[in-house]
>>> print(open('final_11.txt').read())   # compact mmCIF, C-alpha atoms
# COMPACT_ATOMS: atom_id res chain seq x y z
CA MET A 1 44.86 -10.21 15.08
CA THR A 2 45.34 -8.01 18.11
CA HIS A 3 47.80 -8.48 20.96
CA ASP A 4 45.87 -6.26 23.36
CA PRO A 5 44.17 -8.58 25.88
CA GLU A 6 40.99 -6.48 26.20
CA ARG A 7 40.52 -6.08 22.47
CA HIS A 8 41.28 -9.78 22.04
CA THR A 9 38.50 -10.68 24.49
CA GLN A 10 36.01 -8.41 22.70
CA LYS A 11 36.98 -9.88 19.34
CA MET A 12 36.66 -13.46 20.62
CA ILE A 13 33.21 -12.69 22.11
CA ARG A 14 32.11 -11.53 18.64
CA ILE A 15 33.65 -14.59 16.96
CA LYS A 16 31.99 -16.91 19.46
CA ALA A 17 28.57 -15.30 18.94
CA ALA A 18 28.88 -15.65 15.16
CA ARG A 19 30.15 -19.19 15.52
CA ASP A 20 27.44 -20.27 17.96
CA LYS A 21 24.82 -18.89 15.59
CA MET A 22 26.39 -20.79 12.68
CA MET A 23 26.82 -24.03 14.68
CA ALA A 24 23.17 -23.89 15.82
CA THR A 25 22.24 -24.53 12.18
CA LYS A 26 24.44 -27.65 12.13
CA THR A 27 22.11 -30.13 13.73
CA GLY A 28 21.96 -32.95 11.22
CA GLU A 29 23.43 -36.37 11.79
CA LYS A 30 24.06 -38.86 9.02
CA GLY A 31 26.36 -41.62 8.00
CA LEU A 32 28.94 -39.96 5.78
CA ILE A 33 30.65 -41.08 2.61
CA ILE A 34 34.17 -39.78 3.22
CA VAL A 35 36.89 -39.72 0.54
CA HIS A 36 40.61 -39.09 1.15
CA THR A 37 42.46 -38.62 -2.09
CA GLY A 38 45.42 -36.67 -3.52
CA ASN A 39 49.11 -37.34 -3.95
CA GLY A 40 50.16 -36.39 -0.42
CA LYS A 41 50.63 -38.31 2.79
CA GLY A 42 47.77 -38.73 5.26
CA LYS A 43 45.01 -40.55 3.37
CA SER A 44 45.21 -43.96 5.06
CA SER A 45 46.61 -42.66 8.34
CA SER A 46 43.68 -40.28 8.69
CA GLY A 47 41.31 -43.18 8.02
CA PHE A 48 43.01 -45.16 10.79
CA GLY A 49 42.82 -42.09 13.05
CA MET A 50 39.03 -42.16 12.63
CA ILE A 51 38.99 -45.90 13.38
CA LEU A 52 40.86 -45.07 16.62
CA ARG A 53 38.19 -42.43 17.38
CA CYS A 54 35.41 -44.97 16.79
CA ILE A 55 37.00 -47.55 19.07
CA GLY A 56 37.52 -44.87 21.73
CA ASN A 57 33.85 -43.95 21.48
CA GLY A 58 32.78 -47.58 21.84
CA MET A 59 31.55 -47.75 18.22
CA GLN A 60 31.98 -51.03 16.35
CA CYS A 61 33.87 -50.58 13.07
CA ALA A 62 35.71 -52.50 10.34
CA VAL A 63 38.62 -52.20 7.93
CA VAL A 64 39.10 -53.77 4.48
CA GLN A 65 42.50 -53.28 2.86
CA PHE A 66 42.30 -53.52 -0.92
CA ILE A 67 45.97 -53.26 -1.89
CA LYS A 68 48.51 -53.16 0.90
CA GLY A 69 48.07 -56.76 1.97
CA SER A 70 51.53 -58.26 1.82
CA MET A 71 53.34 -55.65 3.90
CA PRO A 72 53.39 -55.74 7.70
CA SER A 73 52.04 -52.64 9.41
CA GLY A 74 51.72 -51.27 12.91
CA GLU A 75 48.07 -50.32 12.52
CA ARG A 76 47.16 -53.82 11.36
CA SER A 77 49.04 -55.64 14.16
CA LEU A 78 47.55 -53.41 16.82
CA LEU A 79 43.97 -53.60 15.57
CA LYS A 80 44.11 -57.36 14.99
CA GLU A 81 45.81 -58.16 18.28
CA ARG A 82 44.02 -55.79 20.62
CA PHE A 83 40.72 -54.80 19.05
CA ALA A 84 39.51 -57.76 17.00
CA ASP A 85 36.30 -57.77 19.07
CA VAL A 86 35.30 -54.23 18.05
CA CYS A 87 37.02 -53.80 14.69
CA ALA A 88 36.92 -56.54 12.04
CA PHE A 89 40.06 -56.34 9.90
CA HIS A 90 40.31 -57.91 6.45
CA THR A 91 43.39 -57.71 4.30
CA MET A 92 42.43 -58.81 0.83
CA GLY A 93 45.06 -57.23 -1.40
CA GLU A 94 48.37 -58.90 -2.11
CA GLY A 95 50.38 -55.79 -2.74
CA PHE A 96 50.79 -53.06 -5.27
CA THR A 97 49.81 -53.79 -8.86
CA TRP A 98 53.44 -53.74 -9.93
CA GLU A 99 54.31 -56.33 -7.30
CA THR A 100 51.63 -58.84 -8.21
CA GLN A 101 51.98 -58.26 -11.98
CA ASP A 102 48.83 -60.31 -12.46
CA ARG A 103 45.74 -58.45 -13.54
CA VAL A 104 43.40 -61.43 -13.36
CA ARG A 105 44.46 -62.29 -9.84
CA ASP A 106 44.37 -58.61 -8.73
CA THR A 107 40.83 -58.32 -10.09
CA GLU A 108 39.70 -61.44 -8.25
CA MET A 109 41.20 -60.17 -5.00
CA ALA A 110 39.60 -56.74 -5.39
CA GLN A 111 36.22 -58.32 -6.12
CA ALA A 112 36.54 -60.52 -3.03
CA ALA A 113 37.48 -57.45 -0.95
CA TRP A 114 34.47 -55.53 -2.29
CA HIS A 115 32.19 -58.48 -1.52
CA LYS A 116 33.46 -58.51 2.07
CA ALA A 117 33.15 -54.72 2.28
CA LYS A 118 29.49 -54.88 1.23
CA ASP A 119 28.73 -57.45 3.95
CA LEU A 120 30.42 -55.27 6.58
CA ILE A 121 28.60 -52.11 5.47
CA ARG A 122 25.21 -53.87 5.33
CA ASP A 123 25.72 -54.96 8.96
CA ASP A 124 24.48 -51.85 10.72
CA ALA A 125 26.25 -52.86 13.93
CA ASN A 126 29.27 -51.28 12.20
CA SER A 127 29.32 -47.49 12.65
CA MET A 128 32.24 -47.01 10.28
CA VAL A 129 33.86 -49.11 7.56
CA LEU A 130 37.26 -48.07 6.19
CA LEU A 131 37.94 -49.19 2.60
CA ASP A 132 41.67 -48.58 2.49
CA GLU A 133 43.16 -47.96 -0.97
CA ILE A 134 39.90 -48.87 -2.73
CA ASN A 135 40.55 -45.94 -5.11
CA ILE A 136 43.52 -47.84 -6.56
CA ALA A 137 41.30 -50.84 -7.32
CA LEU A 138 38.75 -48.50 -8.92
CA ARG A 139 41.39 -46.69 -10.92
CA TYR A 140 42.61 -49.92 -12.50
CA ASP A 141 39.00 -51.01 -13.12
CA TYR A 142 39.38 -54.02 -10.85
CA LEU A 143 36.04 -52.83 -9.50
CA ASP A 144 33.18 -51.21 -11.36
CA ILE A 145 32.70 -47.62 -10.17
CA ALA A 146 29.00 -47.72 -11.12
CA ASP A 147 28.50 -50.74 -8.87
CA VAL A 148 30.31 -49.06 -5.94
CA VAL A 149 28.35 -45.80 -6.38
CA ARG A 150 25.04 -47.67 -6.61
CA PHE A 151 25.75 -49.69 -3.48
CA LEU A 152 26.85 -46.68 -1.41
CA THR A 153 23.88 -44.54 -2.42
CA GLU A 154 21.21 -47.26 -2.30
CA GLU A 155 22.28 -49.90 0.21
CA LYS A 156 24.50 -48.23 2.80
CA PRO A 157 22.57 -47.93 6.08
CA PRO A 158 21.82 -44.22 6.64
CA MET A 159 23.91 -43.83 9.83
CA THR A 160 26.99 -45.79 8.71
CA HIS A 161 30.15 -43.87 7.82
CA VAL A 162 32.19 -45.29 4.94
CA VAL A 163 35.73 -43.99 4.40
CA LEU A 164 37.35 -44.58 1.00
CA THR A 165 41.05 -43.82 0.54
CA GLY A 166 43.62 -43.72 -2.23
CA ARG A 167 44.89 -41.30 -4.82
CA ASN A 168 43.05 -40.59 -8.08
CA ALA A 169 39.53 -40.91 -6.65
CA LYS A 170 37.02 -41.25 -9.50
CA PRO A 171 34.86 -38.18 -10.18
CA GLU A 172 31.74 -40.36 -9.80
CA LEU A 173 32.79 -41.13 -6.22
CA ILE A 174 33.57 -37.50 -5.37
CA GLU A 175 30.15 -36.58 -6.76
CA ILE A 176 28.27 -38.76 -4.23
CA ALA A 177 30.62 -38.15 -1.28
CA ASP A 178 29.65 -35.98 1.71
CA LEU A 179 33.20 -35.15 2.78
CA VAL A 180 36.21 -35.04 0.48
CA SER A 181 39.73 -34.07 1.52
CA GLU A 182 42.56 -33.85 -0.96
CA MET A 183 45.91 -34.56 0.68
CA LYS A 184 48.33 -32.46 -1.33
CA GLU A 185 52.04 -33.14 -1.26
CA ILE A 186 53.95 -29.97 -0.45
CA LYS A 187 57.18 -31.72 0.64
CA HIS A 188 58.04 -35.41 0.88
CA PRO A 189 61.26 -36.92 2.18
CA PHE A 190 61.18 -39.90 -0.27
CA ARG A 191 61.54 -37.60 -3.19
CA ASP A 192 63.35 -34.66 -1.65
CA GLN A 193 65.87 -36.42 0.59
CA GLY A 194 66.05 -40.11 -0.39
CA VAL A 195 64.57 -41.15 2.94
CA LYS A 196 62.89 -44.56 2.92
CA ALA A 197 59.48 -45.56 4.32
CA GLN A 198 59.82 -45.71 8.09
CA PRO A 199 57.82 -47.50 10.80
CA GLY A 200 55.34 -45.30 12.65
CA VAL A 201 55.24 -42.86 9.76
CA GLU A 202 54.30 -44.96 6.71
CA PHE A 203 53.40 -48.34 8.21
CA MET B 1 46.01 -48.59 -18.74
CA THR B 2 45.51 -51.86 -20.55
CA HIS B 3 42.89 -54.51 -19.83
CA ASP B 4 44.78 -57.24 -21.65
CA PRO B 5 46.27 -59.52 -18.95
CA GLU B 6 49.51 -60.26 -20.87
CA ARG B 7 50.18 -56.61 -21.68
CA HIS B 8 49.28 -55.70 -18.11
CA THR B 9 51.90 -58.13 -16.79
CA GLN B 10 54.57 -56.75 -19.13
CA LYS B 11 53.73 -53.21 -18.15
CA MET B 12 53.82 -54.04 -14.43
CA ILE B 13 57.22 -55.76 -14.82
CA ARG B 14 58.55 -52.52 -16.36
CA ILE B 15 56.97 -50.40 -13.60
CA LYS B 16 58.39 -52.68 -10.91
CA ALA B 17 61.90 -52.51 -12.40
CA ALA B 18 61.77 -48.70 -12.53
CA ARG B 19 60.32 -48.55 -9.04
CA ASP B 20 62.86 -50.97 -7.54
CA LYS B 21 65.66 -48.90 -9.08
CA MET B 22 64.17 -45.72 -7.62
CA MET B 23 63.50 -47.27 -4.21
CA ALA B 24 67.08 -48.59 -4.01
CA THR B 25 68.17 -44.95 -3.78
CA LYS B 26 65.85 -44.39 -0.79
CA THR B 27 67.98 -45.76 2.00
CA GLY B 28 68.12 -42.93 4.51
CA GLU B 29 66.47 -42.99 7.88
CA LYS B 30 65.86 -39.94 9.98
CA GLY B 31 63.48 -38.47 12.46
CA LEU B 32 61.11 -36.34 10.43
CA ILE B 33 59.51 -32.98 11.06
CA ILE B 34 56.01 -33.60 9.68
CA VAL B 35 53.44 -30.83 9.15
CA HIS B 36 49.73 -31.34 8.40
CA THR B 37 48.06 -28.10 7.43
CA GLY B 38 45.29 -26.80 5.18
CA ASN B 39 41.58 -26.11 5.60
CA GLY B 40 40.39 -29.70 5.05
CA LYS B 41 39.68 -32.61 7.34
CA GLY B 42 42.41 -35.13 8.19
CA LYS B 43 45.17 -33.16 9.90
CA SER B 44 44.73 -34.39 13.48
CA SER B 45 43.21 -37.74 12.52
CA SER B 46 46.23 -38.53 10.35
CA GLY B 47 48.50 -37.61 13.27
CA PHE B 48 46.59 -40.02 15.48
CA GLY B 49 46.79 -42.67 12.73
CA MET B 50 50.58 -42.40 12.94
CA ILE B 51 50.42 -42.68 16.75
CA LEU B 52 48.43 -45.92 16.21
CA ARG B 53 51.17 -47.10 13.84
CA CYS B 54 53.86 -46.33 16.41
CA ILE B 55 52.05 -48.19 19.18
CA GLY B 56 51.51 -51.15 16.83
CA ASN B 57 55.23 -51.17 16.07
CA GLY B 58 56.11 -51.12 19.77
CA MET B 59 57.51 -47.59 19.55
CA GLN B 60 57.03 -45.28 22.54
CA CYS B 61 55.33 -42.02 21.60
CA ALA B 62 53.55 -38.99 23.07
CA VAL B 63 50.79 -36.49 22.32
CA VAL B 64 50.41 -32.87 23.43
CA GLN B 65 47.12 -31.16 22.57
CA PHE B 66 47.48 -27.40 22.37
CA ILE B 67 43.89 -26.30 21.80
CA LYS B 68 41.23 -28.98 21.94
CA GLY B 69 41.44 -29.57 25.67
CA SER B 70 37.95 -29.13 26.96
CA MET B 71 36.15 -31.41 24.53
CA PRO B 72 35.91 -35.17 25.07
CA SER B 73 37.32 -37.31 22.25
CA GLY B 74 37.51 -40.97 21.37
CA GLU B 75 41.21 -40.85 20.55
CA ARG B 76 42.02 -39.32 23.93
CA SER B 77 39.92 -41.77 25.97
CA LEU B 78 41.37 -44.76 24.17
CA LEU B 79 45.00 -43.65 24.38
CA LYS B 80 44.72 -42.59 28.02
CA GLU B 81 42.82 -45.68 29.14
CA ARG B 82 44.59 -48.39 27.19
CA PHE B 83 48.01 -47.09 26.18
CA ALA B 84 49.18 -44.74 28.91
CA ASP B 85 52.28 -46.96 29.34
CA VAL B 86 53.49 -46.43 25.75
CA CYS B 87 51.97 -43.07 24.83
CA ALA B 88 52.07 -40.11 27.22
CA PHE B 89 49.06 -37.86 26.60
CA HIS B 90 48.91 -34.23 27.72
CA THR B 91 45.95 -31.99 27.10
CA MET B 92 47.04 -28.44 27.82
CA GLY B 93 44.60 -26.34 25.84
CA GLU B 94 41.26 -25.28 27.26
CA GLY B 95 39.41 -24.96 24.00
CA PHE B 96 39.28 -22.78 20.95
CA THR B 97 40.41 -19.17 21.26
CA TRP B 98 36.83 -17.96 20.88
CA GLU B 99 35.71 -20.20 23.75
CA THR B 100 38.31 -19.08 26.26
CA GLN B 101 38.18 -15.39 25.20
CA ASP B 102 41.25 -14.80 27.33
CA ARG B 103 44.48 -14.09 25.51
CA VAL B 104 46.68 -14.00 28.61
CA ARG B 105 45.39 -17.36 29.84
CA ASP B 106 45.60 -18.90 26.34
CA THR B 107 49.21 -17.76 26.06
CA GLU B 108 50.11 -19.25 29.44
CA MET B 109 48.50 -22.57 28.50
CA ALA B 110 50.28 -22.66 25.13
CA GLN B 111 53.62 -21.89 26.78
CA ALA B 112 53.03 -24.67 29.34
CA ALA B 113 52.14 -27.08 26.50
CA TRP B 114 55.30 -26.14 24.59
CA HIS B 115 57.41 -26.63 27.73
CA LYS B 116 55.93 -30.14 28.13
CA ALA B 117 56.41 -30.83 24.41
CA LYS B 118 60.11 -29.94 24.62
CA ASP B 119 60.62 -32.34 27.55
CA LEU B 120 58.89 -35.15 25.63
CA ILE B 121 60.90 -34.51 22.45
CA ARG B 122 64.21 -34.31 24.35
CA ASP B 123 63.48 -37.75 25.86
CA ASP B 124 64.77 -39.94 23.05
CA ALA B 125 62.78 -42.93 24.36
CA ASN B 126 59.93 -41.28 22.42
CA SER B 127 60.03 -42.20 18.72
CA MET B 128 57.26 -39.78 17.80
CA VAL B 129 55.70 -36.74 19.46
CA LEU B 130 52.42 -35.35 18.09
CA LEU B 131 51.87 -31.63 18.72
CA ASP B 132 48.19 -31.42 17.91
CA GLU B 133 46.90 -28.00 16.80
CA ILE B 134 50.20 -26.28 17.65
CA ASN B 135 49.79 -24.28 14.43
CA ILE B 136 46.82 -22.45 15.97
CA ALA B 137 48.94 -21.44 18.98
CA LEU B 138 51.67 -20.27 16.58
CA ARG B 139 49.23 -18.36 14.40
CA TYR B 140 47.95 -16.33 17.36
CA ASP B 141 51.54 -15.74 18.54
CA TYR B 142 50.90 -17.60 21.80
CA LEU B 143 54.22 -19.25 20.94
CA ASP B 144 57.24 -17.75 19.24
CA ILE B 145 57.82 -19.39 15.86
CA ALA B 146 61.55 -18.61 16.02
CA ASP B 147 61.80 -20.50 19.32
CA VAL B 148 59.92 -23.52 17.92
CA VAL B 149 62.05 -23.59 14.76
CA ARG B 150 65.26 -23.28 16.73
CA PHE B 151 64.31 -26.09 19.09
CA LEU B 152 63.24 -28.47 16.31
CA THR B 153 66.35 -27.87 14.22
CA GLU B 154 68.89 -27.75 17.06
CA GLU B 155 67.58 -29.86 19.94
CA LYS B 156 65.31 -32.55 18.48
CA PRO B 157 67.07 -35.93 18.70
CA PRO B 158 67.97 -36.98 15.13
CA MET B 159 65.74 -40.09 15.03
CA THR B 160 62.63 -38.60 16.66
CA HIS B 161 59.61 -37.82 14.50
CA VAL B 162 57.66 -34.70 15.44
CA VAL B 163 54.21 -34.17 13.91
CA LEU B 164 52.73 -30.65 13.98
CA THR B 165 49.10 -30.12 12.98
CA GLY B 166 46.69 -27.27 12.41
CA ARG B 167 45.66 -24.94 9.62
CA ASN B 168 47.71 -21.88 8.61
CA ALA B 169 51.13 -23.42 9.30
CA LYS B 170 53.75 -20.67 9.42
CA PRO B 171 56.09 -20.47 6.39
CA GLU B 172 59.08 -20.72 8.76
CA LEU B 173 57.82 -24.13 9.91
CA ILE B 174 57.16 -25.39 6.38
CA GLU B 175 60.68 -24.29 5.48
CA ILE B 176 62.33 -26.61 8.03
CA ALA B 177 59.85 -29.51 7.68
CA ASP B 178 60.77 -32.78 5.94
CA LEU B 179 57.23 -33.78 5.07
CA VAL B 180 54.33 -31.38 4.52
CA SER B 181 50.81 -32.37 3.52
CA GLU B 182 48.13 -29.82 2.85
CA MET B 183 44.66 -31.20 3.57
CA LYS B 184 42.45 -29.36 1.12
CA GLU B 185 38.71 -29.17 1.63
CA ILE B 186 36.90 -30.30 -1.49
CA LYS B 187 33.55 -31.02 0.20
CA HIS B 188 32.53 -30.76 3.84
CA PRO B 189 29.18 -31.72 5.34
CA PHE B 190 29.24 -28.93 7.99
CA ARG B 191 29.13 -26.28 5.33
CA ASP B 192 27.40 -28.12 2.53
CA GLN B 193 24.69 -30.01 4.42
CA GLY B 194 24.39 -28.54 7.93
CA VAL B 195 25.64 -31.79 9.45
CA LYS B 196 27.17 -31.41 12.91
CA ALA B 197 30.46 -32.82 14.22
CA GLN B 198 29.92 -36.53 14.82
CA PRO B 199 31.71 -39.08 17.04
CA GLY B 200 34.16 -41.30 15.21
CA VAL B 201 34.54 -38.73 12.44
CA GLU B 202 35.55 -35.48 14.20
CA PHE B 203 36.22 -36.60 17.77
>>> encode(input="final_11.txt", output="structure tokens")
Amino acid sequence: MTHDPERHTQKMIRIKAARDKMMATKTGEKGLIIVHTGNGKGKSSSGFGMILRCIGNGMQCAVVQFIKGSMPSGERSLLKERFADVCAFHTMGEGFTWETQDRVRDTEMAQAAWHKAKDLIRDDANSMVLLDEINIALRYDYLDIADVVRFLTEEKPPMTHVVLTGRNAKPELIEIADLVSEMKEIKHPFRDQGVKAQPGVEF
Amino acid sequence: MTHDPERHTQKMIRIKAARDKMMATKTGEKGLIIVHTGNGKGKSSSGFGMILRCIGNGMQCAVVQFIKGSMPSGERSLLKERFADVCAFHTMGEGFTWETQDRVRDTEMAQAAWHKAKDLIRDDANSMVLLDEINIALRYDYLDIADVVRFLTEEKPPMTHVVLTGRNAKPELIEIADLVSEMKEIKHPFRDQGVKAQPGVEF
């Protein structure tokens, strides 16, 4: 990159022309299947950031939490207390698999969450539905990946965005997704510094 | 993983014991320097998800946008209209570098944004300050990385979280960060399908 103002301007004019040409080809609109996976931080928080965007744009949306049910969280309190009219919020999970220690119960809860999720997605008043930590339920086979893939490809209304989060996303899900980001851990203070989960950051 | 309920329970009891032991060592609390970088989606949205968490936890916070100033966005409308009392919001950038085409002006704007950011971080009433797209300003040398590093390591109040987003984070910043996530693009509908930026998802 150049530090000369004139050359900078010329370079930016060229970049803008190339970019405008490229962006002119990006005209499609569709409801996206979005997957946030990987071992790093940012999967759920990015999903909640998009929910914030929806609410700010006046778009009705919904959240189903598959795993993190028993823990209090800032995002849940705020959405339930202030935005219940525009964002349905369902917490179906009872905690991490190692907390519940009950596979039968975990499976029932995940199935109930998926049933609720399907109702919310079918309702095309919802522009976006966030399925938080559903990848964990899929990984442990609490839900059938073939059933989830079939529903998303065949029954999701065409303009509805569905966001699916959690590490270890199944290849079948990545295959049908429109947008996949892998959040990769480069540094984490739990592991590196013995810092605990803190409000605002993790919940 | 096992599908036998009894064996599952035994396995989860072992995992929980190991996890509880590990978590007992995670007792520290500190204000974190958090960096979201990489070429994938989720860097800014995850920052805004944490802002949502802060507000939900009753923590005062602040946002400074270094680049994306001229474009409307759902997150900005919502935070400015509904949460101005708990989350200061400053939009200092006038758009992408190829839109402004003016290096001198871009540099002035970035310097003004950084000046505002320092004031907000120094005010320890703020639990978290999000510096959205600051990495772009650093990459183009609109800001001096040595100055940013010095301020964050020497002047940031110890309990304040600072979140810095944008691709191409400088190695000097990653070096001093506590938490770094790289958002890696696996699939993106702009490139793969010609789908344009859509409300709720990108803004």
>>> atom_distance(input="final_11.txt", atom1="CA of His3 in chain A", atom2="CA of Ile121 in chain B")
29.2 Å
>>> closest_residue(input="final_11.txt", among="A:Lys156, A:His115, A:Arg53, A:His90", to="chain B", atoms="only C-alpha atoms")
A:Arg53
>>> residues_around(input="final_11.txt", residues="Asn126 in chain A", least_positions_apart="2", cutoff="8 Å", atoms="all atoms listed in the file", output="PyMOL selection string")
chain A and resi 59-62+120-121+123-124+128-129+160
>>> atom_distance(input="final_11.txt", atom1="CA of Met22 in chain A", atom2="CA of Gln10 in chain A")
18.6 Å
>>> residues_near_point(input="final_11.txt", point="(25.4, -44.0, -1.4)", cutoff="12 Å", atoms="only C-alpha atoms", output="ChimeraX atom specification")
/A:30-34,118,121-122,145-163,172-178
>>> closest_residue(input="final_11.txt", among="A:Thr100, A:Ser44, A:Ala110, A:Phe203", to="Ile15 in chain B", atoms="all atoms listed in the file")
A:Thr100
>>> closest_residue(input="final_11.txt", among="B:Leu130, B:Ala17, B:Phe89, B:Ser46", to="chain A", atoms="all atoms listed in the file")
B:Ser46
>>> atom_distance(input="final_11.txt", atom1="CA of Lys196 in chain A", atom2="CA of Glu182 in chain A")
23.3 Å
